[in-house]
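Report on the structure given below.
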Amino acid sequence: MTRRAGWRLLCVGLAIGCRRGEPPAARPASAVFVTVDTLRADHLGFAGYPRDTSPHLDALAREGTAFPGAYSVSATTGASHASLFTSLYPHEHGVVANRQRFPRGLATLMRALRGRGYRTAGFVSSVVVGRKMGLQDEFDHFDDQGTTAELNRPQRPERPAAATLEAAAAHLAGLPADMPFFLWAHLIDPHGPYAAPEEPDRFVGDAHASPRPLLLPIGSADWVMGRIPAYQVLGDRREADFYVARYDAEIRYADEALGRFFARLRQIGRWDDTLVVVTADHGETLAEPGHKRYFAHGTITYDEVVRIPLVVREPHGQRRLAPAAADAGQAVTSLDVAPTVLDLLGQPPEPAFRGRSLLRGARPAAPVFSFGAYGTELLEKTIGTQFSVLEGPWRYVVNSQDGSEELYDHRDDAAESRNVAVQQPARRAALRAALAGLRSESRREAQAVEMTAEHHQALRALGYVQ
Ligand SMILES: [Zn+2]
């Protein structure tokens, strides 16, 4: 049945609300919400990256709106996704590290839409956001089928972007034509180890490689300082450039799969009236000078880890968000994403959401807080984690192991390579107080973090257990 015929039948059946001669009201806009795990904001073509990593996302950004200053409130996968869905900080929703269950009973973006007639579905590519996290309870349909195993950690099932998005497209093609939907697709590809299923070496040795290769020592565990983490090691390769090129090829692979998925949406007639949002849970430290860890995230809150891409392509060719994105000095956070999606879909706001719709114009400048995984002594004292605040051009970082502080001035140090904490005691104290204020808020009881094989490995490597 065509969509038009369907509407005609609906009008006949209801016999109300469809006056003769008037076209039926359009179905509500649907939404595709894509989170690309570990995707740095600055390695995308539309953000000015010199490698051709993202032709399809570049096209999406041209058709829609890209926010250059978007930040995740968490550097770790489970907590960050929980914040995207609940518009709450980790201490408010209670997921402060991976391996914690998503709490029941919170207001979420997908629950809000499900209550308003949307069919909701989640398609994920990693066990970290799979059924063990409990996210299946938030969706009408949830698919976390793993088809492959992570290269160096076979206990972690995952699924390449092409397979995840193929399953998502098949699901959408099977929906009734008039059914509005909210579909979340999580892609794991840029997450290490960097071994793209297609053309993994496409950027290796190209013109963007450094003429003086930096050789890094290989680590024997995952949370190691100044070494390549064990789970990231590719053969006996030690050149930083090689890993960066391989990371970029993962981005390109995910981008190609997204391009095919967007083409499928057009084929099934679901492109024009679907809102498309692409963002990330966090970025990745690659080989930034002075940043203590290489090819890592989770416990790191420097800019390259907490700044995330945010591309919003509105339905029906609208560009209502363009003024908000044009305010380049305005930082937005992952807490703002869920309220913005509701607003763009014409749905009422959800009172429990802490963030704010980006359709509502500029807000007073406010600090942006980002948290590394925390909540256990292992993470905070043994492995070490970071908490950070960005306010205007200043980023303040505190390290949980020893309380050491860092301060960076983005006006002349966007790469956060020169710590000026000693030279700026007043600024440091103000940002420390802002962070302490947020952390002193009442917390939702966090659930125990389940110890994993990687945790045990880290403890062994650090000499804590045999
Ligand atoms: Zn992640």
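Numbering starts fresh at 1 for the residues of each chain in the structure tokens, the chains themselves are lettered A, B, ... in the order given, and ligands are numbered from 1 as they appear.
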
Just the residues within 6 Å of range 101-110 of chain A, please, counting only C-alpha atoms, with nothing from its chain fewer than 2 positions along; format it as an mmCIF file with N, CA, C and O atoms, in the first residue's frame.
data_model
loop_
_atom_site.group_PDB
_atom_site.id
_atom_site.type_symbol
_atom_site.label_atom_id
_atom_site.label_comp_id
_atom_site.auth_asym_id
_atom_site.auth_seq_id
_atom_site.Cartn_x
_atom_site.Cartn_y
_atom_site.Cartn_z
ATOM 1 N N PHE A 85 21.481 9.898 26.704
ATOM 2 C CA PHE A 85 20.078 9.459 26.705
ATOM 3 C C PHE A 85 19.251 10.102 27.821
ATOM 4 O O PHE A 85 18.038 10.240 27.694
ATOM 5 N N THR A 86 19.900 10.438 28.949
ATOM 6 C CA THR A 86 19.141 10.975 30.093
ATOM 7 C C THR A 86 19.315 12.470 30.257
ATOM 8 O O THR A 86 18.618 13.077 31.075
ATOM 9 N N ALA A 112 10.702 8.885 26.264
ATOM 10 C CA ALA A 112 9.845 10.042 25.969
ATOM 11 C C ALA A 112 9.183 9.869 24.603
ATOM 12 O O ALA A 112 7.988 10.121 24.441
ATOM 13 N N LEU A 113 9.971 9.391 23.633
ATOM 14 C CA LEU A 113 9.421 9.246 22.281
ATOM 15 C C LEU A 113 8.497 8.035 22.190
ATOM 16 O O LEU A 113 7.475 8.068 21.500
ATOM 17 N N ARG A 114 8.838 6.979 22.887
ATOM 18 C CA ARG A 114 7.971 5.785 22.875
ATOM 19 C C ARG A 114 6.592 6.143 23.423
ATOM 20 O O ARG A 114 5.572 5.685 22.916
ATOM 21 N N MET A 133 24.257 -4.098 29.914
ATOM 22 C CA MET A 133 24.068 -2.752 30.458
ATOM 23 C C MET A 133 22.584 -2.460 30.712
ATOM 24 O O MET A 133 22.242 -1.488 31.376
ATOM 25 N N GLY A 134 21.714 -3.284 30.178
ATOM 26 C CA GLY A 134 20.288 -3.097 30.442
ATOM 27 C C GLY A 134 19.596 -2.139 29.504
ATOM 28 O O GLY A 134 18.434 -1.795 29.710
ATOM 29 N N ALA A 338 19.727 15.350 23.850
ATOM 30 C CA ALA A 338 18.367 14.787 23.982
ATOM 31 C C ALA A 338 17.295 15.887 23.971
ATOM 32 O O ALA A 338 16.301 15.752 23.242
#

Within 10 Å of Ala70 in chain A, counting only C-alpha atoms, which residues qualify if same-chain residues fewer than 2 places away don't, as a list in words? Ala41, Ala66, Phe67, Pro68, Ser72, Val73, Thr279, Ala280, Val306, Arg307, Ile308, Pro309, Leu310, Val311, Ala325, Gln330, Ala331, Val332, Thr333, Ser334, Asp336, Val337 and Val368 of chain A

DSSP alpha helix (DSSP H) residues within range 137-284 of chain A, as JSON, numbers by chain: {"A": [161, 162, 163, 164, 165, 166, 167, 168, 169, 170, 171, 172, 173, 240, 241, 242, 243, 244, 245, 246, 247, 248, 249, 250, 251, 252, 253, 254, 255, 256, 257, 258, 259, 260, 261, 262, 263, 264, 265, 266, 267]}

I need the chosen residues saved as an mmCIF file, in the first residue's frame, with C-alpha atoms.
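Saved as part_29.cif:
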data_model
loop_
_atom_site.group_PDB
_atom_site.id
_atom_site.type_symbol
_atom_site.label_atom_id
_atom_site.label_comp_id
_atom_site.auth_asym_id
_atom_site.auth_seq_id
_atom_site.Cartn_x
_atom_site.Cartn_y
_atom_site.Cartn_z
ATOM 1 C CA ALA A 161 29.476 -0.816 11.081
ATOM 2 C CA ALA A 162 28.280 -2.352 7.799
ATOM 3 C CA ALA A 163 26.599 -5.263 9.614
ATOM 4 C CA THR A 164 25.053 -3.096 12.341
ATOM 5 C CA LEU A 165 23.667 -0.605 9.843
ATOM 6 C CA GLU A 166 22.434 -3.329 7.506
ATOM 7 C CA ALA A 167 20.402 -4.773 10.390
ATOM 8 C CA ALA A 168 19.128 -1.286 11.239
ATOM 9 C CA ALA A 169 18.104 -0.588 7.637
ATOM 10 C CA ALA A 170 16.283 -3.919 7.371
ATOM 11 C CA HIS A 171 14.370 -3.082 10.555
ATOM 12 C CA LEU A 172 13.319 0.323 9.225
ATOM 13 C CA ALA A 173 12.256 -1.149 5.877
ATOM 14 C CA ALA A 240 52.824 6.527 16.269
ATOM 15 C CA ASP A 241 52.032 7.630 12.720
ATOM 16 C CA PHE A 242 51.107 4.109 11.713
ATOM 17 C CA TYR A 243 48.501 3.885 14.475
ATOM 18 C CA VAL A 244 47.092 7.320 13.622
ATOM 19 C CA ALA A 245 46.742 6.347 9.944
ATOM 20 C CA ARG A 246 45.017 3.118 10.952
ATOM 21 C CA TYR A 247 42.658 5.034 13.265
ATOM 22 C CA ASP A 248 41.767 7.340 10.384
ATOM 23 C CA ALA A 249 40.994 4.326 8.162
ATOM 24 C CA GLU A 250 38.500 3.121 10.800
ATOM 25 C CA ILE A 251 36.739 6.477 10.583
ATOM 26 C CA ARG A 252 36.606 6.217 6.803
ATOM 27 C CA TYR A 253 35.210 2.688 7.046
ATOM 28 C CA ALA A 254 32.409 3.798 9.411
ATOM 29 C CA ASP A 255 31.737 6.805 7.169
ATOM 30 C CA GLU A 256 31.336 4.574 4.092
ATOM 31 C CA ALA A 257 28.914 2.336 5.970
ATOM 32 C CA LEU A 258 26.931 5.416 7.054
ATOM 33 C CA GLY A 259 26.834 6.608 3.445
ATOM 34 C CA ARG A 260 25.269 3.313 2.379
ATOM 35 C CA PHE A 261 22.799 3.489 5.273
ATOM 36 C CA PHE A 262 21.716 7.018 4.332
ATOM 37 C CA ALA A 263 21.208 5.797 0.750
ATOM 38 C CA ARG A 264 18.953 3.021 2.070
ATOM 39 C CA LEU A 265 16.899 5.591 3.992
ATOM 40 C CA ARG A 266 16.355 7.447 0.716
ATOM 41 C CA GLN A 267 15.416 4.221 -1.066
#

Can you list, as a short mmCIF file (atom, residue, chain, number, x, y, z; two decimals) with all heavy atoms, in the first residue's frame, every protein, DNA or RNA residue that comes within 12 Å of Gly372 in chain A when you count only C-alpha atoms, leaving out same-chain residues fewer than 3 positions away?
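Below you can see selection11.cif, which holds the result:
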data_model
loop_
_atom_site.label_atom_id
_atom_site.label_comp_id
_atom_site.auth_asym_id
_atom_site.auth_seq_id
_atom_site.Cartn_x
_atom_site.Cartn_y
_atom_site.Cartn_z
N SER A 72 31.59 16.03 25.34
CA SER A 72 30.96 14.96 26.11
C SER A 72 31.22 15.20 27.59
O SER A 72 32.31 15.61 27.98
CB SER A 72 31.53 13.61 25.70
OG SER A 72 30.98 12.59 26.51
N VAL A 73 30.24 14.89 28.42
CA VAL A 73 30.45 15.05 29.86
C VAL A 73 31.16 13.85 30.45
O VAL A 73 31.49 13.85 31.63
CB VAL A 73 29.11 15.30 30.61
CG1 VAL A 73 28.46 16.58 30.10
CG2 VAL A 73 28.16 14.11 30.49
N SER A 74 31.40 12.83 29.65
CA SER A 74 32.14 11.66 30.14
C SER A 74 33.09 11.16 29.07
O SER A 74 32.81 11.25 27.88
CB SER A 74 31.18 10.54 30.54
OG SER A 74 31.92 9.37 30.85
N ALA A 75 34.22 10.60 29.52
CA ALA A 75 35.22 10.06 28.60
C ALA A 75 35.08 8.56 28.44
O ALA A 75 35.92 7.94 27.79
CB ALA A 75 36.61 10.40 29.12
N THR A 76 34.05 7.97 29.02
CA THR A 76 33.94 6.52 28.99
C THR A 76 32.57 6.09 28.45
O THR A 76 31.56 6.78 28.65
CB THR A 76 34.23 5.92 30.37
OG1 THR A 76 34.36 4.51 30.26
CG2 THR A 76 33.14 6.25 31.37
N THR A 77 32.55 4.98 27.74
CA THR A 77 31.43 4.61 26.86
C THR A 77 30.07 4.53 27.56
O THR A 77 29.12 5.20 27.15
CB THR A 77 31.74 3.26 26.19
OG1 THR A 77 33.02 3.35 25.57
CG2 THR A 77 30.70 2.89 25.16
N GLY A 78 29.99 3.71 28.61
CA GLY A 78 28.68 3.49 29.24
C GLY A 78 28.13 4.76 29.85
O GLY A 78 26.96 5.12 29.67
N ALA A 79 28.99 5.47 30.58
CA ALA A 79 28.55 6.70 31.25
C ALA A 79 28.16 7.76 30.23
O ALA A 79 27.16 8.47 30.40
CB ALA A 79 29.67 7.21 32.16
N SER A 80 28.94 7.86 29.17
CA SER A 80 28.67 8.89 28.17
C SER A 80 27.34 8.63 27.46
O SER A 80 26.55 9.56 27.27
CB SER A 80 29.81 8.93 27.16
OG SER A 80 29.53 9.90 26.18
N TYR A 89 24.31 14.32 34.24
CA TYR A 89 25.71 13.98 34.50
C TYR A 89 25.80 12.57 35.07
O TYR A 89 24.83 12.06 35.65
CB TYR A 89 26.30 14.98 35.49
CG TYR A 89 26.72 16.28 34.87
CD1 TYR A 89 26.02 17.46 35.14
CD2 TYR A 89 27.83 16.35 34.03
CE1 TYR A 89 26.40 18.66 34.57
CE2 TYR A 89 28.22 17.55 33.47
CZ TYR A 89 27.51 18.71 33.73
OH TYR A 89 27.88 19.89 33.16
N PRO A 90 26.99 11.97 34.96
CA PRO A 90 27.15 10.61 35.50
C PRO A 90 26.74 10.48 36.98
O PRO A 90 26.08 9.50 37.35
CB PRO A 90 28.64 10.32 35.30
CG PRO A 90 29.00 11.12 34.08
CD PRO A 90 28.18 12.38 34.18
N HIS A 91 27.08 11.45 37.82
CA HIS A 91 26.70 11.29 39.24
C HIS A 91 25.19 11.37 39.43
O HIS A 91 24.68 10.94 40.46
CB HIS A 91 27.42 12.33 40.11
CG HIS A 91 26.95 13.74 39.90
ND1 HIS A 91 27.47 14.56 38.93
CD2 HIS A 91 26.00 14.47 40.52
CE1 HIS A 91 26.86 15.74 38.97
NE2 HIS A 91 25.96 15.71 39.93
N VAL A 95 25.63 5.91 36.34
CA VAL A 95 26.59 5.10 35.58
C VAL A 95 27.87 5.93 35.48
O VAL A 95 27.94 6.89 34.71
CB VAL A 95 26.07 4.76 34.17
CG1 VAL A 95 27.09 3.91 33.41
CG2 VAL A 95 24.74 4.03 34.26
N VAL A 96 28.87 5.59 36.29
CA VAL A 96 30.08 6.41 36.33
C VAL A 96 31.27 5.68 35.70
O VAL A 96 32.35 6.25 35.55
CB VAL A 96 30.42 6.85 37.78
CG1 VAL A 96 29.28 7.70 38.33
CG2 VAL A 96 30.68 5.66 38.68
N ALA A 97 31.08 4.41 35.36
CA ALA A 97 32.13 3.62 34.71
C ALA A 97 31.44 2.55 33.88
O ALA A 97 30.24 2.33 34.01
CB ALA A 97 33.05 2.99 35.75
N ASN A 98 32.21 1.87 33.04
CA ASN A 98 31.63 0.76 32.28
C ASN A 98 31.27 -0.38 33.23
O ASN A 98 31.69 -0.41 34.37
CB ASN A 98 32.61 0.27 31.21
CG ASN A 98 32.71 1.28 30.07
OD1 ASN A 98 31.83 2.11 29.87
ND2 ASN A 98 33.80 1.20 29.32
N ASP A 281 30.57 9.17 21.70
CA ASP A 281 30.56 9.11 23.17
C ASP A 281 31.79 9.80 23.75
O ASP A 281 31.75 10.34 24.84
CB ASP A 281 30.42 7.67 23.66
CG ASP A 281 31.47 6.72 23.10
OD1 ASP A 281 32.21 7.10 22.16
OD2 ASP A 281 31.55 5.57 23.60
N HIS A 282 32.87 9.79 22.99
CA HIS A 282 34.13 10.43 23.41
C HIS A 282 35.08 10.31 22.24
O HIS A 282 34.79 9.59 21.26
CB HIS A 282 34.74 9.74 24.65
CG HIS A 282 34.83 8.25 24.46
ND1 HIS A 282 35.79 7.66 23.68
CD2 HIS A 282 34.03 7.24 24.90
CE1 HIS A 282 35.60 6.36 23.67
NE2 HIS A 282 34.54 6.07 24.38
N ALA A 296 44.18 6.08 23.80
CA ALA A 296 43.36 5.71 24.95
C ALA A 296 42.25 6.73 25.17
O ALA A 296 42.25 7.82 24.59
CB ALA A 296 44.24 5.60 26.19
N HIS A 297 41.31 6.38 26.01
CA HIS A 297 40.25 7.29 26.46
C HIS A 297 39.79 6.75 27.81
O HIS A 297 40.56 6.11 28.49
CB HIS A 297 39.10 7.32 25.42
CG HIS A 297 38.54 5.97 25.10
ND1 HIS A 297 38.99 5.21 24.05
CD2 HIS A 297 37.61 5.21 25.73
CE1 HIS A 297 38.33 4.05 24.02
NE2 HIS A 297 37.50 4.03 25.04
N GLY A 298 38.59 7.01 28.20
CA GLY A 298 38.04 6.39 29.42
C GLY A 298 38.44 7.09 30.70
O GLY A 298 37.59 7.46 31.50
N THR A 299 39.72 7.27 30.90
CA THR A 299 40.21 7.90 32.13
C THR A 299 40.93 9.21 31.81
O THR A 299 41.65 9.73 32.65
CB THR A 299 41.17 6.95 32.88
OG1 THR A 299 42.23 6.59 31.98
CG2 THR A 299 40.45 5.69 33.34
N ILE A 300 40.74 9.73 30.63
CA ILE A 300 41.46 10.92 30.16
C ILE A 300 40.43 11.97 29.75
O ILE A 300 39.48 11.64 29.04
CB ILE A 300 42.35 10.56 28.95
CG1 ILE A 300 43.31 9.44 29.34
CG2 ILE A 300 43.10 11.78 28.45
CD1 ILE A 300 43.90 8.75 28.15
N THR A 301 40.64 13.21 30.15
CA THR A 301 39.64 14.23 29.80
C THR A 301 40.28 15.44 29.12
O THR A 301 39.80 16.56 29.25
CB THR A 301 38.86 14.70 31.05
OG1 THR A 301 39.78 15.18 32.03
CG2 THR A 301 38.04 13.56 31.63
N TYR A 302 41.38 15.23 28.43
CA TYR A 302 41.92 16.30 27.58
C TYR A 302 40.97 16.54 26.42
O TYR A 302 40.08 15.72 26.12
CB TYR A 302 43.30 15.92 27.06
CG TYR A 302 44.34 15.76 28.13
CD1 TYR A 302 44.99 14.54 28.32
CD2 TYR A 302 44.68 16.82 28.97
CE1 TYR A 302 45.96 14.38 29.30
CE2 TYR A 302 45.65 16.67 29.96
CZ TYR A 302 46.28 15.44 30.12
OH TYR A 302 47.22 15.29 31.10
N VAL A 305 39.87 14.00 23.81
CA VAL A 305 39.01 12.90 24.26
C VAL A 305 37.58 13.37 24.51
O VAL A 305 36.63 12.65 24.23
CB VAL A 305 39.58 12.23 25.53
CG1 VAL A 305 38.60 11.19 26.08
CG2 VAL A 305 40.92 11.57 25.22
N VAL A 306 37.42 14.59 25.02
CA VAL A 306 36.04 14.99 25.39
C VAL A 306 35.36 15.88 24.35
O VAL A 306 34.15 16.09 24.43
CB VAL A 306 36.00 15.65 26.79
CG1 VAL A 306 36.43 14.64 27.84
CG2 VAL A 306 36.85 16.91 26.85
N PHE A 369 31.76 20.43 32.14
CA PHE A 369 32.45 19.44 32.97
C PHE A 369 32.55 18.11 32.23
O PHE A 369 31.59 17.69 31.58
CB PHE A 369 31.68 19.21 34.28
CG PHE A 369 31.53 20.46 35.11
CD1 PHE A 369 30.40 21.26 35.00
CD2 PHE A 369 32.53 20.83 35.99
CE1 PHE A 369 30.26 22.42 35.75
CE2 PHE A 369 32.40 21.99 36.75
CZ PHE A 369 31.27 22.79 36.64
N GLY A 375 34.65 6.04 40.50
CA GLY A 375 33.71 5.33 41.36
C GLY A 375 34.31 4.15 42.09
O GLY A 375 33.65 3.55 42.94
N THR A 376 35.55 3.79 41.78
CA THR A 376 36.20 2.73 42.53
C THR A 376 37.63 3.16 42.82
O THR A 376 38.21 3.98 42.11
CB THR A 376 36.27 1.41 41.75
OG1 THR A 376 37.21 1.57 40.66
CG2 THR A 376 34.92 1.02 41.18
N LEU A 379 40.00 2.56 39.87
CA LEU A 379 40.04 3.57 38.82
C LEU A 379 40.66 4.87 39.33
O LEU A 379 41.42 5.53 38.62
CB LEU A 379 38.62 3.84 38.31
CG LEU A 379 38.06 2.78 37.37
CD1 LEU A 379 36.56 2.94 37.21
CD2 LEU A 379 38.73 2.87 36.01
N GLU A 380 40.33 5.26 40.55
CA GLU A 380 40.72 6.59 41.00
C GLU A 380 42.14 6.63 41.55
O GLU A 380 42.85 7.62 41.38
CB GLU A 380 39.72 7.09 42.06
CG GLU A 380 38.35 7.35 41.43
CD GLU A 380 37.33 7.87 42.43
OE1 GLU A 380 37.73 8.51 43.42
OE2 GLU A 380 36.13 7.62 42.22
N ILE A 383 44.69 2.93 38.70
CA ILE A 383 44.86 3.25 37.28
C ILE A 383 44.96 4.76 37.11
O ILE A 383 45.78 5.26 36.34
CB ILE A 383 43.66 2.70 36.48
CG1 ILE A 383 43.70 1.16 36.48
CG2 ILE A 383 43.66 3.24 35.06
CD1 ILE A 383 42.44 0.52 35.95
N GLY A 384 44.15 5.48 37.86
CA GLY A 384 44.15 6.95 37.76
C GLY A 384 43.13 7.42 36.74
O GLY A 384 42.99 6.85 35.66
N THR A 385 42.40 8.46 37.11
CA THR A 385 41.45 9.03 36.16
C THR A 385 41.54 10.55 36.23
O THR A 385 42.28 11.09 37.06
CB THR A 385 40.02 8.52 36.45
OG1 THR A 385 39.18 8.82 35.33
CG2 THR A 385 39.43 9.17 37.70
N GLN A 386 40.83 11.22 35.34
CA GLN A 386 40.87 12.68 35.30
C GLN A 386 39.45 13.24 35.33
O GLN A 386 38.51 12.62 34.86
CB GLN A 386 41.55 13.17 34.01
CG GLN A 386 43.02 12.87 33.94
CD GLN A 386 43.65 13.44 32.67
OE1 GLN A 386 42.98 13.62 31.66
NE2 GLN A 386 44.94 13.73 32.73
N PHE A 387 39.36 14.43 35.91
CA PHE A 387 38.13 15.22 35.85
C PHE A 387 38.54 16.58 35.29
O PHE A 387 39.61 17.09 35.63
CB PHE A 387 37.52 15.39 37.24
CG PHE A 387 37.33 14.08 37.97
CD1 PHE A 387 38.20 13.69 38.97
CD2 PHE A 387 36.28 13.24 37.63
CE1 PHE A 387 38.03 12.49 39.63
CE2 PHE A 387 36.10 12.04 38.28
CZ PHE A 387 36.98 11.65 39.29
N SER A 388 37.69 17.16 34.45
CA SER A 388 38.13 18.43 33.89
C SER A 388 36.97 19.41 33.71
O SER A 388 35.79 19.02 33.71
CB SER A 388 38.86 18.23 32.56
OG SER A 388 37.97 18.08 31.49
N VAL A 389 37.32 20.67 33.62
CA VAL A 389 36.36 21.75 33.39
C VAL A 389 36.90 22.62 32.27
O VAL A 389 38.09 22.97 32.27
CB VAL A 389 36.23 22.68 34.62
CG1 VAL A 389 35.01 23.59 34.45
CG2 VAL A 389 36.16 21.90 35.90
N VAL A 397 42.34 20.45 34.54
CA VAL A 397 42.31 18.99 34.67
C VAL A 397 42.89 18.62 36.03
O VAL A 397 43.95 19.13 36.41
CB VAL A 397 43.17 18.31 33.56
CG1 VAL A 397 43.17 16.79 33.72
CG2 VAL A 397 42.66 18.69 32.17
N VAL A 398 42.21 17.74 36.76
CA VAL A 398 42.79 17.22 38.00
C VAL A 398 42.92 15.71 37.87
O VAL A 398 42.06 15.04 37.30
CB VAL A 398 41.95 17.62 39.25
CG1 VAL A 398 40.54 17.04 39.18
CG2 VAL A 398 42.66 17.20 40.53
N ASN A 399 44.08 15.20 38.35
CA ASN A 399 44.39 13.77 38.26
C ASN A 399 44.08 13.10 39.60
O ASN A 399 44.57 13.55 40.64
CB ASN A 399 45.86 13.58 37.90
CG ASN A 399 46.16 14.11 36.51
OD1 ASN A 399 45.92 13.45 35.51
ND2 ASN A 399 46.66 15.35 36.44
N SER A 400 43.31 12.01 39.55
CA SER A 400 42.81 11.42 40.79
C SER A 400 43.90 10.71 41.59
O SER A 400 43.80 10.59 42.81
CB SER A 400 41.69 10.42 40.48
OG SER A 400 42.20 9.32 39.75
#

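Closest approach to Phe371 in chain A from the set A:Leu435, A:Ala415, A:Leu60, A:Ala177 is made by A:Leu435, with distances taken over only C-alpha atoms.
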
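For the choices A:Leu286, A:Leu44, A:Arg111, A:Gly346, the atom-to-atom distance to His56 in chain A is smallest for A:Leu44 when using only C-alpha atoms.
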
From range 289-440 of chain A, collect each residue whose DSSP state is strand (DSSP E) and return the set as a list in words. Arg307, Ile308, Leu310, Val311, Val312, Arg313, Val332, Thr333, Val368, Phe369, Ser370, Phe371, Gln386, Phe387, Ser388, Val389, Leu390, Glu391, Trp394, Arg395, Tyr396, Val397, Val398, Asn399, Glu405, Glu406, Leu407, Tyr408 and Asp409 of chain A

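When only C-alpha atoms and all ligand atoms are used to measure the gap to ligand 1, the shortest distance among A:Thr35, A:Ala365, A:Gly392, A:Ala429 belongs to A:Thr35.
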
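Between ligand 1 and the candidates A:Ser125, A:Gln145, A:Thr120, A:Thr53, the tightest atom-to-atom separation, counting only C-alpha atoms and all ligand atoms, involves A:Ser125.
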
Would you pick out the contacts of Thr148 in chain A at 12 Å or less, using only C-alpha atoms, so that residues sharing its chain but fewer than 4 positions from it are not included, and give the list as a PyMOL selection string? chain A and resi 125-127+144+152-161+163-164+188-189+197

Selection: 7 Å around Leu216 in chain A, only C-alpha atoms, excl. self and same-chain fewer than 4 positions, as a ChimeraX atom specification: /A:227-228,238-240

Filtering to N, CA, C and O atoms, could you give me those residues as a PDB file, in the first residue's frame?
ATOM      1  N   ARG A 227      53.096   4.212  26.982  1.00  0.00           N
ATOM      2  CA  ARG A 227      53.312   3.035  26.137  1.00  0.00           C
ATOM      3  C   ARG A 227      52.057   2.763  25.317  1.00  0.00           C
ATOM      4  O   ARG A 227      50.986   3.260  25.658  1.00  0.00           O
ATOM      5  N   ILE A 228      52.208   1.958  24.275  1.00  0.00           N
ATOM      6  CA  ILE A 228      51.023   1.555  23.510  1.00  0.00           C
ATOM      7  C   ILE A 228      50.271   0.521  24.345  1.00  0.00           C
ATOM      8  O   ILE A 228      50.843  -0.500  24.727  1.00  0.00           O
ATOM      9  N   ARG A 238      55.478   0.019  16.096  1.00  0.00           N
ATOM     10  CA  ARG A 238      55.708   0.948  17.199  1.00  0.00           C
ATOM     11  C   ARG A 238      55.600   2.401  16.767  1.00  0.00           C
ATOM     12  O   ARG A 238      55.685   3.295  17.600  1.00  0.00           O
ATOM     13  N   GLU A 239      55.401   2.666  15.452  1.00  0.00           N
ATOM     14  CA  GLU A 239      55.378   4.053  14.990  1.00  0.00           C
ATOM     15  C   GLU A 239      54.025   4.690  15.271  1.00  0.00           C
ATOM     16  O   GLU A 239      52.991   4.174  14.843  1.00  0.00           O
ATOM     17  N   ALA A 240      54.073   5.825  15.942  1.00  0.00           N
ATOM     18  CA  ALA A 240      52.824   6.527  16.269  1.00  0.00           C
ATOM     19  C   ALA A 240      52.025   6.829  15.010  1.00  0.00           C
ATOM     20  O   ALA A 240      50.805   6.655  14.972  1.00  0.00           O
TER      21      ALA A 240
END

Please identify all polymer residues within 10 Å of Asp413 in chain A, counting only C-alpha atoms, omitting same-chain residues fewer than 6 positions from it, and present them as a PyMOL selection string. chain A and resi 393-394+419

May I have the residues from that selection written out with N, CA, C and O atoms, as a PDB file, in the first residue's frame?
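New file selection_10.pdb:
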ATOM      1  N   PRO A 393      38.383  29.929  27.304  1.00  0.00           N
ATOM      2  CA  PRO A 393      39.561  29.299  26.692  1.00  0.00           C
ATOM      3  C   PRO A 393      40.327  28.390  27.660  1.00  0.00           C
ATOM      4  O   PRO A 393      41.349  27.824  27.282  1.00  0.00           O
ATOM      5  N   TRP A 394      39.870  28.239  28.886  1.00  0.00           N
ATOM      6  CA  TRP A 394      40.652  27.536  29.900  1.00  0.00           C
ATOM      7  C   TRP A 394      40.162  26.121  30.129  1.00  0.00           C
ATOM      8  O   TRP A 394      38.978  25.908  30.338  1.00  0.00           O
ATOM      9  N   ASN A 419      51.268  23.199  30.413  1.00  0.00           N
ATOM     10  CA  ASN A 419      50.535  23.316  31.666  1.00  0.00           C
ATOM     11  C   ASN A 419      50.916  24.628  32.362  1.00  0.00           C
ATOM     12  O   ASN A 419      52.062  24.838  32.727  1.00  0.00           O
TER      13      ASN A 419
END

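Proximity to Asp143 in chain A at 10 Å, evaluated using only C-alpha atoms and with sequence-adjacent residues fewer than 3 positions away removed, yields Ala121, Gly122, Phe123, Val124, Ser125, Gly130, Arg131, Gln136, Phe139, Gly146, Thr164, Ala167, Ala168 and Ala185 of chain A.
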